[in-house]
Structures are given as C-alpha cells and as structure tokens.
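What's in data34.csv: CSV, C-alpha atoms
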chain,number,residue,atom,x,y,z
A,1,MET,CA,95.9,109.3,93.7
A,2,PRO,CA,92.5,108.3,92.4
A,3,LEU,CA,92.2,105.7,95.2
A,4,TYR,CA,91.9,108.5,97.7
A,5,PRO,CA,88.2,109.4,97.3
A,6,VAL,CA,87.0,105.8,97.0
A,7,TYR,CA,89.2,103.6,99.3
A,8,ALA,CA,86.8,104.0,102.2
A,9,LEU,CA,84.1,102.7,99.8
A,10,LEU,CA,86.4,99.8,98.9
A,11,PHE,CA,86.7,98.9,102.5
A,12,ALA,CA,83.0,99.1,103.1
A,13,ASP,CA,82.2,97.1,100.0
A,14,THR,CA,84.6,94.4,101.2
A,15,GLY,CA,82.4,94.0,104.3
A,16,LEU,CA,84.2,96.1,106.9
A,17,SER,CA,82.2,98.1,109.5
A,18,GLY,CA,82.8,101.7,110.5
A,19,THR,CA,84.7,100.6,113.6
A,20,GLN,CA,86.9,98.3,111.5
A,21,ILE,CA,87.6,101.0,109.0
A,22,ALA,CA,88.5,103.4,111.8
A,23,SER,CA,90.9,100.8,113.3
A,24,LEU,CA,92.7,100.7,109.9
A,25,PHE,CA,93.2,104.5,110.1
A,26,ILE,CA,94.5,104.0,113.6
A,27,VAL,CA,97.1,101.4,112.4
A,28,TRP,CA,98.1,104.0,109.8
A,29,SER,CA,98.6,106.7,112.5
A,30,LEU,CA,100.4,104.4,115.0
A,31,VAL,CA,103.0,103.4,112.4
A,32,SER,CA,103.5,107.0,111.5
A,33,ILE,CA,104.0,107.9,115.2
A,34,VAL,CA,106.6,105.2,115.6
A,35,ALA,CA,108.5,106.2,112.5
A,36,GLU,CA,107.9,110.0,112.5
A,37,VAL,CA,110.7,111.4,114.7
A,38,PRO,CA,113.4,108.8,113.8
A,39,SER,CA,112.8,109.5,110.1
A,40,GLY,CA,112.9,113.3,110.7
A,41,ALA,CA,116.2,113.0,112.4
A,42,LEU,CA,117.4,110.8,109.4
A,43,ALA,CA,116.3,113.7,107.1
A,44,ASP,CA,118.6,116.0,109.1
A,45,ARG,CA,121.6,113.6,108.4
A,46,ILE,CA,121.2,112.4,104.8
A,47,PRO,CA,120.1,114.1,101.5
A,48,ARG,CA,116.4,114.7,101.9
A,49,ARG,CA,115.7,113.8,98.3
A,50,HIS,CA,116.5,110.2,98.9
A,51,LEU,CA,113.9,109.9,101.6
A,52,LEU,CA,111.2,111.4,99.3
A,53,VAL,CA,112.1,108.8,96.7
A,54,VAL,CA,111.8,105.9,99.1
A,55,SER,CA,108.6,107.3,100.5
A,56,ALA,CA,106.9,107.2,97.1
A,57,LEU,CA,108.1,103.6,96.5
A,58,VAL,CA,106.8,102.4,99.8
A,59,ARG,CA,103.4,104.1,99.3
A,60,ALA,CA,103.1,102.5,95.8
A,61,ALA,CA,103.7,99.1,97.4
A,62,GLY,CA,100.9,99.7,99.9
A,63,PHE,CA,98.3,100.7,97.2
A,64,ALA,CA,99.2,97.7,95.1
A,65,LEU,CA,98.5,95.4,98.1
A,66,TRP,CA,95.1,96.9,98.6
A,67,VAL,CA,93.8,95.9,95.2
A,68,THR,CA,95.6,92.6,94.9
A,69,LEU,CA,94.8,91.3,98.4
A,70,PRO,CA,91.5,93.0,99.4
A,71,GLY,CA,90.6,92.2,103.0
A,72,TYR,CA,91.4,93.4,106.5
A,73,PRO,CA,94.9,92.0,106.7
A,74,GLY,CA,95.9,93.4,103.3
A,75,PHE,CA,94.4,96.7,104.1
A,76,ALA,CA,96.2,96.8,107.4
A,77,VAL,CA,99.6,96.1,105.9
A,78,GLY,CA,98.9,98.6,103.2
A,79,PHE,CA,98.2,101.3,105.8
A,80,ALA,CA,101.4,100.3,107.7
A,81,LEU,CA,103.3,100.9,104.5
A,82,TRP,CA,101.5,104.2,103.9
A,83,GLY,CA,102.2,105.3,107.5
A,84,THR,CA,105.9,104.6,106.9
A,85,ALA,CA,105.9,106.5,103.7
A,86,SER,CA,104.1,109.5,105.3
A,87,ALA,CA,106.7,109.5,108.1
A,88,LEU,CA,109.6,109.6,105.6
A,89,SER,CA,108.1,112.6,103.8
A,90,SER,CA,106.6,114.4,106.8
A,91,GLY,CA,108.7,117.5,107.5
A,92,THR,CA,111.3,116.4,104.9
A,93,LEU,CA,110.0,118.5,102.0
A,94,GLU,CA,109.3,121.6,104.2
A,95,ALA,CA,112.9,121.4,105.6
A,96,LEU,CA,114.3,120.9,102.1
A,97,LEU,CA,112.5,124.0,100.8
A,98,TYR,CA,113.3,126.2,103.7
A,99,ASP,CA,117.0,125.3,104.0
A,100,GLU,CA,117.6,125.6,100.2
A,101,LEU,CA,116.0,129.1,100.2
A,102,ARG,CA,118.0,130.1,103.3
A,103,ALA,CA,121.2,128.9,101.8
A,104,PHE,CA,120.7,131.5,99.1
A,105,ASP,CA,119.5,134.2,101.6
A,106,ALA,CA,115.9,133.9,100.2
A,107,ALA,CA,114.1,132.6,103.3
A,108,ASP,CA,111.6,135.4,103.0
A,109,ARG,CA,110.2,133.7,99.9
A,110,TYR,CA,109.2,130.6,101.9
A,111,PRO,CA,105.6,131.6,102.8
A,112,GLN,CA,104.7,132.2,99.1
A,113,LEU,CA,106.6,129.1,97.9
A,114,ARG,CA,105.0,127.0,100.6
A,115,ALA,CA,101.6,128.3,99.7
A,116,ARG,CA,102.2,127.6,96.0
A,117,VAL,CA,103.4,124.1,96.7
A,118,GLY,CA,100.3,123.4,98.7
A,119,VAL,CA,98.1,124.7,95.9
A,120,ALA,CA,99.8,122.6,93.3
A,121,ALA,CA,99.6,119.5,95.4
A,122,LEU,CA,95.9,120.0,96.2
A,123,LEU,CA,95.0,120.7,92.5
A,124,ALA,CA,96.8,117.5,91.6
A,125,GLU,CA,94.7,115.8,94.3
A,126,LEU,CA,91.6,117.4,92.8
A,127,SER,CA,92.4,116.1,89.3
A,128,ALA,CA,92.9,112.6,90.7
A,129,THR,CA,89.7,112.7,92.6
A,130,LEU,CA,87.7,113.7,89.5
A,131,ALA,CA,89.5,111.0,87.5
A,132,ALA,CA,88.3,108.4,90.0
A,133,VAL,CA,84.7,108.8,88.5
A,134,PRO,CA,85.4,107.4,85.0
A,135,LEU,CA,88.2,105.0,86.2
A,136,LEU,CA,85.8,103.4,88.7
A,137,ALA,CA,83.1,103.1,86.1
A,138,VAL,CA,85.4,101.6,83.5
A,139,GLY,CA,87.6,99.3,85.5
A,140,GLY,CA,86.4,99.3,89.1
A,141,TYR,CA,88.8,99.3,92.1
A,142,PRO,CA,91.6,97.4,90.3
A,143,LEU,CA,92.0,100.1,87.6
A,144,VAL,CA,91.8,102.9,90.2
A,145,GLY,CA,94.5,101.1,92.2
A,146,ALA,CA,96.7,100.6,89.1
A,147,VAL,CA,96.6,104.3,88.2
A,148,SER,CA,97.3,105.2,91.8
A,149,VAL,CA,100.4,103.0,91.9
A,150,ALA,CA,101.6,104.6,88.6
A,151,THR,CA,101.1,108.0,90.1
A,152,CYS,CA,103.4,107.1,93.0
A,153,LEU,CA,106.0,106.0,90.4
A,154,VAL,CA,105.8,109.3,88.7
A,155,GLN,CA,106.4,110.9,92.1
A,156,VAL,CA,109.6,108.9,92.4
A,157,GLY,CA,110.9,110.6,89.2
A,158,VAL,CA,109.8,114.1,90.4
A,159,ALA,CA,111.5,113.6,93.8
A,160,ALA,CA,114.7,112.4,92.2
A,161,SER,CA,114.9,115.6,90.2
A,162,LEU,CA,114.8,117.8,93.3
A,163,PRO,CA,118.0,119.4,94.9
A,164,PRO,CA,119.6,116.9,97.3
A,165,GLY,CA,118.5,118.9,100.3
A,166,LEU,CA,121.7,118.5,102.2
A,167,PRO,CA,121.4,119.2,105.9
A,168,ALA,CA,123.5,122.2,107.1
A,169,GLY,CA,124.1,121.2,110.7
A,170,ASP,CA,127.4,120.6,112.5
A,171,HIS,CA,126.1,117.6,114.5
A,172,GLU,CA,128.1,114.4,114.2
A,173,GLY,CA,126.0,111.3,114.1
A,174,TYR,CA,122.3,110.5,114.1
A,175,LEU,CA,121.7,110.6,117.9
A,176,PRO,CA,123.0,114.2,118.4
A,177,VAL,CA,120.7,115.4,115.7
A,178,LEU,CA,117.8,113.6,117.3
A,179,ARG,CA,118.5,115.1,120.7
A,180,ALA,CA,119.0,118.6,119.3
A,181,GLY,CA,115.6,118.5,117.5
A,182,LEU,CA,113.7,117.1,120.5
A,183,HIS,CA,115.3,119.7,122.8
A,184,GLU,CA,114.3,122.6,120.6
A,185,ALA,CA,110.7,121.3,120.2
A,186,ALA,CA,110.3,120.7,124.0
A,187,HIS,CA,112.2,123.6,125.5
A,188,ARG,CA,111.9,126.6,123.3
A,189,ARG,CA,108.5,128.0,124.2
A,190,PRO,CA,107.5,129.6,120.9
A,191,VAL,CA,108.5,126.5,119.0
A,192,ARG,CA,106.7,124.2,121.5
A,193,ARG,CA,103.4,126.2,121.3
A,194,LEU,CA,103.5,126.2,117.5
A,195,VAL,CA,104.3,122.5,117.4
A,196,VAL,CA,101.2,121.8,119.6
A,197,LEU,CA,99.0,124.1,117.5
A,198,ALA,CA,100.2,122.6,114.2
A,199,ALA,CA,99.5,119.1,115.5
A,200,ALA,CA,96.0,120.0,116.6
A,201,LEU,CA,95.1,121.7,113.3
A,202,ALA,CA,96.4,118.7,111.3
A,203,GLY,CA,94.3,116.4,113.5
A,204,LEU,CA,91.1,118.3,112.4
A,205,HIS,CA,91.7,117.2,108.8
A,206,ALA,CA,91.3,113.6,109.9
A,207,ILE,CA,87.6,113.9,109.0
A,208,ASP,CA,88.4,113.8,105.3
A,209,GLU,CA,88.9,110.0,105.5
A,210,PHE,CA,85.3,109.6,106.4
A,211,VAL,CA,83.8,112.1,103.9
A,212,PRO,CA,82.9,109.3,101.4
A,213,LEU,CA,81.0,107.4,104.1
A,214,LEU,CA,79.4,110.6,105.4
A,215,ALA,CA,78.3,111.4,101.9
A,216,ARG,CA,76.8,108.0,101.3
A,217,GLY,CA,75.1,108.0,104.6
A,218,ALA,CA,73.6,111.4,103.9
A,219,GLY,CA,72.0,110.1,100.7
A,220,ALA,CA,74.5,110.9,98.0
A,221,PRO,CA,74.7,108.2,95.2
A,222,ASP,CA,78.1,106.5,94.8
A,223,PHE,CA,78.9,108.2,91.5
A,224,ALA,CA,78.6,111.6,93.2
A,225,VAL,CA,80.8,110.7,96.2
A,226,PRO,CA,84.1,111.5,94.3
A,227,LEU,CA,82.7,114.8,93.2
A,228,LEU,CA,81.8,115.7,96.7
A,229,VAL,CA,85.2,114.6,98.0
A,230,ALA,CA,86.7,116.7,95.2
A,231,THR,CA,85.4,119.9,96.9
A,232,LEU,CA,87.9,119.3,99.8
A,233,PRO,CA,91.2,119.7,97.9
A,234,LEU,CA,89.7,122.6,95.9
A,235,ALA,CA,88.8,124.4,99.1
A,236,ALA,CA,92.1,123.5,100.6
A,237,ALA,CA,93.9,124.8,97.5
A,238,ALA,CA,92.1,128.1,98.0
A,239,GLY,CA,93.1,128.2,101.6
A,240,SER,CA,96.7,127.5,100.8
A,241,TRP,CA,96.8,130.3,98.2
A,242,VAL,CA,95.2,132.8,100.6
A,243,ALA,CA,97.7,131.9,103.3
A,244,GLY,CA,100.5,133.1,101.1
A,245,TRP,CA,99.5,136.7,101.6
A,246,MET,CA,96.9,136.9,104.4
A,247,PRO,CA,98.6,138.3,107.5
A,248,ARG,CA,96.0,137.3,110.1
A,249,GLY,CA,92.4,136.3,110.6
A,250,ALA,CA,92.7,132.5,110.5
A,251,GLY,CA,90.9,132.1,113.9
A,252,THR,CA,88.0,134.2,112.8
A,253,MET,CA,87.7,132.2,109.5
A,254,LEU,CA,87.9,128.9,111.4
A,255,VAL,CA,85.0,129.9,113.7
A,256,GLY,CA,82.9,131.3,110.9
A,257,THR,CA,83.1,128.3,108.7
A,258,ALA,CA,82.6,125.9,111.6
A,259,LEU,CA,79.4,127.6,112.5
A,260,LEU,CA,78.4,127.5,108.8
A,261,VAL,CA,78.8,123.7,108.9
A,262,ALA,CA,76.7,123.5,112.0
A,263,ILE,CA,73.8,125.5,110.5
A,264,ALA,CA,73.9,123.5,107.2
A,265,VAL,CA,73.9,120.1,108.9
A,266,LEU,CA,71.1,121.0,111.2
A,267,ALA,CA,69.1,121.9,108.1
A,268,ASP,CA,70.0,118.8,106.1
A,269,PRO,CA,72.8,116.2,106.6
A,270,LEU,CA,73.8,116.3,102.9
A,271,ALA,CA,74.0,120.1,103.0
A,272,GLY,CA,76.3,119.8,106.0
A,273,SER,CA,78.5,117.3,104.2
A,274,ALA,CA,78.8,119.7,101.3
A,275,ALA,CA,79.5,122.7,103.5
A,276,LEU,CA,82.3,120.8,105.1
A,277,ALA,CA,84.6,121.8,102.3
A,278,ILE,CA,84.5,125.5,103.2
A,279,TRP,CA,85.5,124.7,106.7
A,280,TYR,CA,88.2,122.3,105.4
A,281,GLY,CA,89.7,125.2,103.4
A,282,SER,CA,89.9,127.4,106.5
A,283,VAL,CA,91.7,124.7,108.4
A,284,GLN,CA,94.2,124.4,105.5
A,285,LEU,CA,94.7,128.2,105.6
A,286,ALA,CA,95.5,128.0,109.3
A,287,ARG,CA,97.8,125.0,108.9
A,288,VAL,CA,99.9,126.8,106.2
A,289,MET,CA,100.2,129.9,108.3
A,290,VAL,CA,101.2,128.0,111.4
A,291,ASP,CA,103.7,125.9,109.4
A,292,VAL,CA,105.3,129.1,108.0
A,293,ARG,CA,105.7,130.6,111.5
A,294,LEU,CA,107.1,127.3,112.8
A,295,GLN,CA,109.7,127.1,110.2
A,296,GLN,CA,110.6,130.7,110.9
A,297,SER,CA,110.9,130.1,114.6
A,298,ILE,CA,113.3,127.1,114.4
A,299,THR,CA,116.8,128.3,115.1
A,300,GLY,CA,118.7,125.1,115.2
A,301,ASP,CA,119.8,122.8,112.3
A,302,ALA,CA,117.5,119.8,113.2
A,303,ARG,CA,114.7,121.3,111.2
A,304,ALA,CA,113.1,118.1,109.9
A,305,THR,CA,113.3,116.6,113.4
A,306,VAL,CA,111.4,119.5,115.0
A,307,THR,CA,108.8,119.4,112.2
A,308,SER,CA,108.4,115.7,112.8
A,309,VAL,CA,107.6,116.2,116.4
A,310,ALA,CA,104.6,118.2,115.2
A,311,GLY,CA,103.8,115.3,112.9
A,312,VAL,CA,103.8,112.9,115.9
A,313,GLY,CA,101.3,115.3,117.7
A,314,ALA,CA,99.2,115.4,114.6
A,315,GLU,CA,99.0,111.6,114.5
A,316,LEU,CA,98.1,111.4,118.1
A,317,ALA,CA,95.3,113.9,117.6
A,318,THR,CA,94.2,112.0,114.5
A,319,ILE,CA,94.0,108.7,116.3
A,320,VAL,CA,91.6,110.2,118.8
A,321,LEU,CA,89.5,111.6,116.1
A,322,PHE,CA,89.6,108.5,114.0
A,323,ALA,CA,88.3,106.4,116.9
A,324,GLY,CA,85.6,109.0,117.6
A,325,TYR,CA,84.5,109.2,114.0
A,326,GLY,CA,84.4,105.5,113.6
A,327,LEU,CA,82.3,104.9,116.7
A,328,ALA,CA,80.0,107.8,115.8
A,329,LEU,CA,79.3,106.3,112.3
A,330,ASP,CA,78.0,103.2,114.0
A,331,VAL,CA,76.0,104.7,116.9
A,332,THR,CA,74.9,108.3,116.1
A,333,SER,CA,73.8,110.6,113.3
A,334,ILE,CA,75.8,112.5,110.8
A,335,THR,CA,74.5,115.7,112.4
A,336,VAL,CA,75.9,114.9,115.8
A,337,LEU,CA,79.2,113.7,114.2
A,338,LEU,CA,79.8,117.0,112.4
A,339,LEU,CA,78.8,119.1,115.3
A,340,ALA,CA,81.1,117.3,117.7
A,341,GLY,CA,83.9,116.7,115.2
A,342,VAL,CA,84.0,120.1,113.4
A,343,THR,CA,82.3,122.9,115.3
A,344,VAL,CA,83.4,122.1,118.9
A,345,PRO,CA,87.1,121.7,118.2
A,346,SER,CA,87.2,124.7,115.9
A,347,LEU,CA,85.7,126.9,118.7
A,348,VAL,CA,88.4,125.5,121.1
A,349,LEU,CA,91.3,126.2,118.7
A,350,ALA,CA,90.3,129.6,117.4
A,351,PRO,CA,91.4,131.6,120.4
A,352,ALA,CA,94.9,130.1,120.2
A,353,LEU,CA,95.1,131.2,116.6
A,354,ALA,CA,93.9,134.6,117.4
A,355,ALA,CA,96.4,135.0,120.2
A,356,TRP,CA,99.3,134.6,117.8
A,357,ARG,CA,100.3,136.9,115.0
A,358,TYR,CA,100.8,134.3,112.3
A,359,GLY,CA,101.8,136.8,109.7
A,360,CYS,CA,103.5,135.5,106.7
A,361,GLY,CA,105.7,138.5,106.8
A,362,LEU,CA,107.3,137.5,110.1
A,363,VAL,CA,110.5,136.1,108.6
A,364,ASP,CA,113.5,134.5,110.3
A,365,ARG,CA,116.4,136.5,108.8
A,366,THR,CA,119.1,134.4,110.5
A,367,SER,CA,122.2,134.8,108.4
A,368,ARG,CA,123.4,131.8,106.5
A,369,PRO,CA,126.5,131.6,104.3
A,370,GLN,CA,125.7,131.6,100.6
A,371,ARG,CA,126.0,128.2,99.0
A,372,PRO,CA,128.6,128.1,96.2
A,373,ALA,CA,127.2,127.8,92.7
A,374,GLY,CA,127.4,124.5,90.9

Would it be possible to restate this file's structure as structure tokens?
Amino acid sequence: MPLYPVYALLFADTGLSGTQIASLFIVWSLVSIVAEVPSGALADRIPRRHLLVVSALVRAAGFALWVTLPGYPGFAVGFALWGTASALSSGTLEALLYDELRAFDAADRYPQLRARVGVAALLAELSATLAAVPLLAVGGYPLVGAVSVATCLVQVGVAASLPPGLPAGDHEGYLPVLRAGLHEAAHRRPVRRLVVLAAALAGLHAIDEFVPLLARGAGAPDFAVPLLVATLPLAAAAGSWVAGWMPRGAGTMLVGTALLVAIAVLADPLAGSAALAIWYGSVQLARVMVDVRLQQSITGDARATVTSVAGVGAELATIVLFAGYGLALDVTSITVLLLAGVTVPSLVLAPALAAWRYGCGLVDRTSRPQRPAG
C-alpha cells in the first residue's frame, strides 16, 4: 500500500509530535493484542479464507478514514481497525498454507513456499513504496490513500480465490480450540521457546514505522524518503528468499549487520539510516526460519491459535519499542536511537538463534490422511 512509506509523514504534517505518533502505534498494537488469540482460535474453527477477506475489508476502512478525517482521533480509529485486521490475518495464512500442504502429504514444501510467499509480498510492498513518489507528487495524501484502499479491495478478491483452509481438528466448539492452542504454546517447551523467539524478532521490525522520520531527521529530502523506505522490503525480500534454503547462520548474520549499522551511524546518521535495510533483511531471514521451525514443531490442530500467541508476544515487544523510539525521537539523537534499538537487542537475541538448529530441512512428517480430490 502506497500509504506505508509516507503515513508517518502525514501524521507529522498534521501536527503530531513523535510521542503522539508513537502512541498511535501503541493503540495499533494494543488492539492487535486483544484480538490476536481470539481471532486465531476462530481461524481454527471456520474457513480461514473468510477471515482473510474480512481482514482486507477492515484495513481498507481504516486507510479511508485516515485521508478523509485527518487528525489524531481519525488516525487512532484507523489504527484500531488496522490492528483488528492484522489480528484476523496473523497466523491465519501460515496455518492455511501448512495445513493445506500437510493434507496432501507435502509439508516438506512449506519452507520454500513460505519463503516465496514472503518474497512476493515484500516485492509488492516495494512496488507500492516506489509508487508513493509519483502519487504523492500528483495528488498528495488523498491520492495515496485512495490507491491504498483500492489495493485492499484487490486483496479481498485474491483472498476469496484461495482454498477455504478448513481446520482439520476434532475439537468441538470455540473454547476447546482456544484451550488446546494455549496449552500447546505454554506447556510444550520447544514450541514455547520458538514462540518467544518469534515474538522478539517480530518486535525488532517495529523500527520500520519510524524510518521515514529517521530519514527526514538525518537530512534526507521528503521526495527521497519513500526511496529510502523502499530499501527495507527489498532487503527483507532477499532475506526471505535466502531463508528458503539456508540451513543455519541467522544469528551470525544478525550480529554482523547490527554492527554494520552501528559503524555506519557513528560515521553519519544518514548512512546509518541507509544501512538499516541490510540489518532489516537479516531480521526477516531469521523470522522466516523461526516461523518454519515453529510450524513444524506444532503437533496439535490449533495451529492458528498457537501462531497467534506468538503474535501477541510480538505486539507486546513492539509496544515497548514503539514507546522507546517515540521518546527517543523527541529527546535524543538518531545515532543513540539506532545503537539502542538495533545493535543492542540484536546482540542479545543472536545467541538464542545460534543455540537452535533452525534448518529448513527439519520437517514435521506427522502423517495426515490425504484429502479427497474435488
């Protein structure tokens, strides 16, 4: 969606401070936390395709609100809608993909398919980011918003064309599914550790919401901000693609790229903002590898529910980072922000990545009856 690289600028141009913008992101995360696990359990009870369709419609409504009622209240409601939409889709697509493949005894193809899906999504995001430059020049924020809403409506059609994604569990009712998913996430040690690590890695990506403001603060002109933001999905697409065949080394890459950001930002804030994309790609690589291992480690039928627990953890980590980034923008330098928000947490998480063999070849070969054709 073309709004993605410029909506932080829209907020700033409306008169919001860094702390106010961060508070909007926190509203987004809080709504996601509240809706995440309940919507995950719902995805384990009804056709997952339906939730993806509703998610796209709700997100479209939020973006429309931003450009028709600009201001803190409109932005807050729009983020609440976006948080709801994110909760509806979080874990739903992954569960749909994995269970559909497993139904045809093809679960070993999930790592490659997951990587390719990630690459396709990120390249689409890159295209939208680049499109924001001429759209903003021709029609300003209203045109960017209109195209973003139209993109969500296209997503509705794409989601409606997917397989239904029927859950395969034997649970009767919503609450048994919810309990089963929460029990597996909390009491199976391998799953629990992967859920925590997946949440922490997802939280690191929270900095992407502040990249437009970081770039502007580092001296980049407004017309160049979308181009700088565009390097993030490009690097993340590369990370997703590599994760499809790379057996290990995510921790080493995370440390190396974090140190690169530290060196660059100490030399020049704008260089540090540009180097951020390389680190961002390494985080995406680690996220895909951990997600693959998590899906392979889930043995129960409440797959979307377990994945949503990781989503809740991600939102909690994101809230902490949103608050920290927002305050840092108002009281400290970009150099300190990047050192504290990129280098330090990467050095903390890297040993956990190195301690696990997140090989994409580690496949859950749990037998599953073949789904009848038709």

Find the residues around Gly324 of chain A up to 10 Å (all atoms listed in the file counted), leave out those fewer than 5 positions away in its own chain, and share them as a PyMOL selection string. chain A and resi 19+22+318-319+329+337+340-341

Write the residues of the selection above to a file with C-alpha atoms, as a PDB file, in the frame of the given file.
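Wrote selection.pdb, looks like this:
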ATOM      1  CA  THR A  19      84.700 100.600 113.600  1.00  0.00           C
ATOM      2  CA  ALA A  22      88.500 103.400 111.800  1.00  0.00           C
ATOM      3  CA  THR A 318      94.200 112.000 114.500  1.00  0.00           C
ATOM      4  CA  ILE A 319      94.000 108.700 116.300  1.00  0.00           C
ATOM      5  CA  LEU A 329      79.300 106.300 112.300  1.00  0.00           C
ATOM      6  CA  LEU A 337      79.200 113.700 114.200  1.00  0.00           C
ATOM      7  CA  ALA A 340      81.100 117.300 117.700  1.00  0.00           C
ATOM      8  CA  GLY A 341      83.900 116.700 115.200  1.00  0.00           C
TER       9      GLY A 341
END

Within 12 Å of Gly326 of chain A, counting only C-alpha atoms, which residues show up once you throw out same-chain ones fewer than 3 positions away? Write them as an mmCIF file with C-alpha atoms, in the frame of the given file, please.
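Done, and the output landed in selection_6.cif:
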data_model
loop_
_atom_site.group_PDB
_atom_site.id
_atom_site.type_symbol
_atom_site.label_atom_id
_atom_site.label_comp_id
_atom_site.auth_asym_id
_atom_site.auth_seq_id
_atom_site.Cartn_x
_atom_site.Cartn_y
_atom_site.Cartn_z
ATOM 1 C CA ALA A 8 86.800 104.000 102.200
ATOM 2 C CA LEU A 16 84.200 96.100 106.900
ATOM 3 C CA SER A 17 82.200 98.100 109.500
ATOM 4 C CA GLY A 18 82.800 101.700 110.500
ATOM 5 C CA THR A 19 84.700 100.600 113.600
ATOM 6 C CA GLN A 20 86.900 98.300 111.500
ATOM 7 C CA ILE A 21 87.600 101.000 109.000
ATOM 8 C CA ALA A 22 88.500 103.400 111.800
ATOM 9 C CA SER A 23 90.900 100.800 113.300
ATOM 10 C CA LEU A 24 92.700 100.700 109.900
ATOM 11 C CA PHE A 25 93.200 104.500 110.100
ATOM 12 C CA ILE A 26 94.500 104.000 113.600
ATOM 13 C CA ALA A 206 91.300 113.600 109.900
ATOM 14 C CA ILE A 207 87.600 113.900 109.000
ATOM 15 C CA GLU A 209 88.900 110.000 105.500
ATOM 16 C CA PHE A 210 85.300 109.600 106.400
ATOM 17 C CA VAL A 211 83.800 112.100 103.900
ATOM 18 C CA LEU A 213 81.000 107.400 104.100
ATOM 19 C CA LEU A 214 79.400 110.600 105.400
ATOM 20 C CA THR A 318 94.200 112.000 114.500
ATOM 21 C CA ILE A 319 94.000 108.700 116.300
ATOM 22 C CA VAL A 320 91.600 110.200 118.800
ATOM 23 C CA LEU A 321 89.500 111.600 116.100
ATOM 24 C CA PHE A 322 89.600 108.500 114.000
ATOM 25 C CA ALA A 323 88.300 106.400 116.900
ATOM 26 C CA LEU A 329 79.300 106.300 112.300
ATOM 27 C CA ASP A 330 78.000 103.200 114.000
ATOM 28 C CA VAL A 331 76.000 104.700 116.900
ATOM 29 C CA THR A 332 74.900 108.300 116.100
ATOM 30 C CA SER A 333 73.800 110.600 113.300
ATOM 31 C CA ILE A 334 75.800 112.500 110.800
ATOM 32 C CA LEU A 337 79.200 113.700 114.200
ATOM 33 C CA GLY A 341 83.900 116.700 115.200
#

Could you work out how far atom CA of Ala56 of chain A lies from atom CA of Ala85 of chain A, giving the answer in Å with one decimal? 6.7 Å

As a list of chain:residue names, please: the residues near Ala43 of chain A (cut-off 10 Å, all atoms listed in the file, same-chain neighbours under 6 positions excluded).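 The residues that qualify are A:Val37, A:Arg49, A:His50, A:Leu51, A:Leu52, A:Leu88, A:Ser89, A:Ser90, A:Gly91, A:Thr92, A:Leu93, A:Ala95, A:Leu96, A:Gly165, A:Leu166, A:Pro167, A:Tyr174, A:Val177, A:Ala302, A:Arg303, A:Ala304, A:Thr305, A:Ser308.
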
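Restricting the calculation to only C-alpha atoms, the smallest distance between Ser127 of chain A and any of A:Ala264, A:Ala317, A:Leu232, A:Ile298 is found for A:Leu232.
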
Restricting the calculation to all atoms listed in the file: of A:Pro190, A:Gly74, A:Pro176, A:Gly40, which residue gets closest to Leu294 of chain A?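 Among A:Pro190, A:Gly74, A:Pro176, A:Gly40, it is A:Pro190 that comes nearest to Leu294 of chain A.
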
With all atoms listed in the file counted and 9 Å as the cut-off, give the residues of segment 275-335 of chain A in contact with segment 193-201 of chain A, each with its shortest interatomic distance in Å and the pair that gives it, as a Markdown table.
| residue | atom | partner | partner_atom | distance |
| --- | --- | --- | --- | --- |
| A:Val283 | CA | A:Leu201 | CA | 6.7 |
| A:Gln284 | CA | A:Leu201 | CA | 8.3 |
| A:Ala286 | CA | A:Leu201 | CA | 7.5 |
| A:Arg287 | CA | A:Leu201 | CA | 6.1 |
| A:Val290 | CA | A:Ala198 | CA | 6.2 |
| A:Asp291 | CA | A:Ala198 | CA | 6.8 |
| A:Arg293 | CA | A:Leu194 | CA | 7.8 |
| A:Leu294 | CA | A:Leu194 | CA | 6.0 |
| A:Ser297 | CA | A:Leu194 | CA | 8.9 |
| A:Val306 | CA | A:Val195 | CA | 8.1 |
| A:Thr307 | CA | A:Val195 | CA | 7.5 |
| A:Val309 | CA | A:Val195 | CA | 7.2 |
| A:Ala310 | CA | A:Val195 | CA | 4.8 |
| A:Gly311 | CA | A:Ala199 | CA | 6.3 |
| A:Val312 | CA | A:Ala199 | CA | 7.6 |
| A:Gly313 | CA | A:Ala199 | CA | 4.7 |
| A:Ala314 | CA | A:Ala199 | CA | 3.8 |
| A:Glu315 | CA | A:Ala199 | CA | 7.6 |
| A:Leu316 | CA | A:Ala199 | CA | 8.2 |
| A:Ala317 | CA | A:Ala200 | CA | 6.2 |
| A:Thr318 | CA | A:Ala200 | CA | 8.5 |

Could you write those residues out with C-alpha atoms, as a short mmCIF file (atom, residue, chain, number, x, y, z; two decimals), in the coordinates of the input?
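Written output follows (selection-v4.cif):
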data_model
loop_
_atom_site.label_atom_id
_atom_site.label_comp_id
_atom_site.auth_asym_id
_atom_site.auth_seq_id
_atom_site.Cartn_x
_atom_site.Cartn_y
_atom_site.Cartn_z
CA VAL A 283 91.70 124.70 108.40
CA GLN A 284 94.20 124.40 105.50
CA ALA A 286 95.50 128.00 109.30
CA ARG A 287 97.80 125.00 108.90
CA VAL A 290 101.20 128.00 111.40
CA ASP A 291 103.70 125.90 109.40
CA ARG A 293 105.70 130.60 111.50
CA LEU A 294 107.10 127.30 112.80
CA SER A 297 110.90 130.10 114.60
CA VAL A 306 111.40 119.50 115.00
CA THR A 307 108.80 119.40 112.20
CA VAL A 309 107.60 116.20 116.40
CA ALA A 310 104.60 118.20 115.20
CA GLY A 311 103.80 115.30 112.90
CA VAL A 312 103.80 112.90 115.90
CA GLY A 313 101.30 115.30 117.70
CA ALA A 314 99.20 115.40 114.60
CA GLU A 315 99.00 111.60 114.50
CA LEU A 316 98.10 111.40 118.10
CA ALA A 317 95.30 113.90 117.60
CA THR A 318 94.20 112.00 114.50
#

What gap, in Å, lies between atom CA of Val261 of chain A and atom CA of Leu349 of chain A?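 Taking atom CA of Val261 of chain A as the start and atom CA of Leu349 of chain A as the end point, the length is 16.1 Å.
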
Pick the closest to Leu204 of chain A from A:Ala258, A:Tyr98, A:Pro5, A:Arg248: which is it, counting all atoms listed in the file? A:Ala258

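Separating atom CA of Ala238 of chain A from atom CA of Met253 of chain A is a distance of 13.0 Å.
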
Taking into account all atoms listed in the file, which residue in the set A:Thr14, A:Thr299, A:Ser148, A:Thr252 is nearest to Gly62 of chain A?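 Among A:Thr14, A:Thr299, A:Ser148, A:Thr252, it is A:Ser148 that comes nearest to Gly62 of chain A.
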
Using all atoms listed in the file, find all polymer residues with an atom at most 12 Å away from the point (90.2, 99.2, 91.0); report them as an NGL selection string. :A and (1-4 or 6-7 or 9-10 or 63-70 or 132-149)
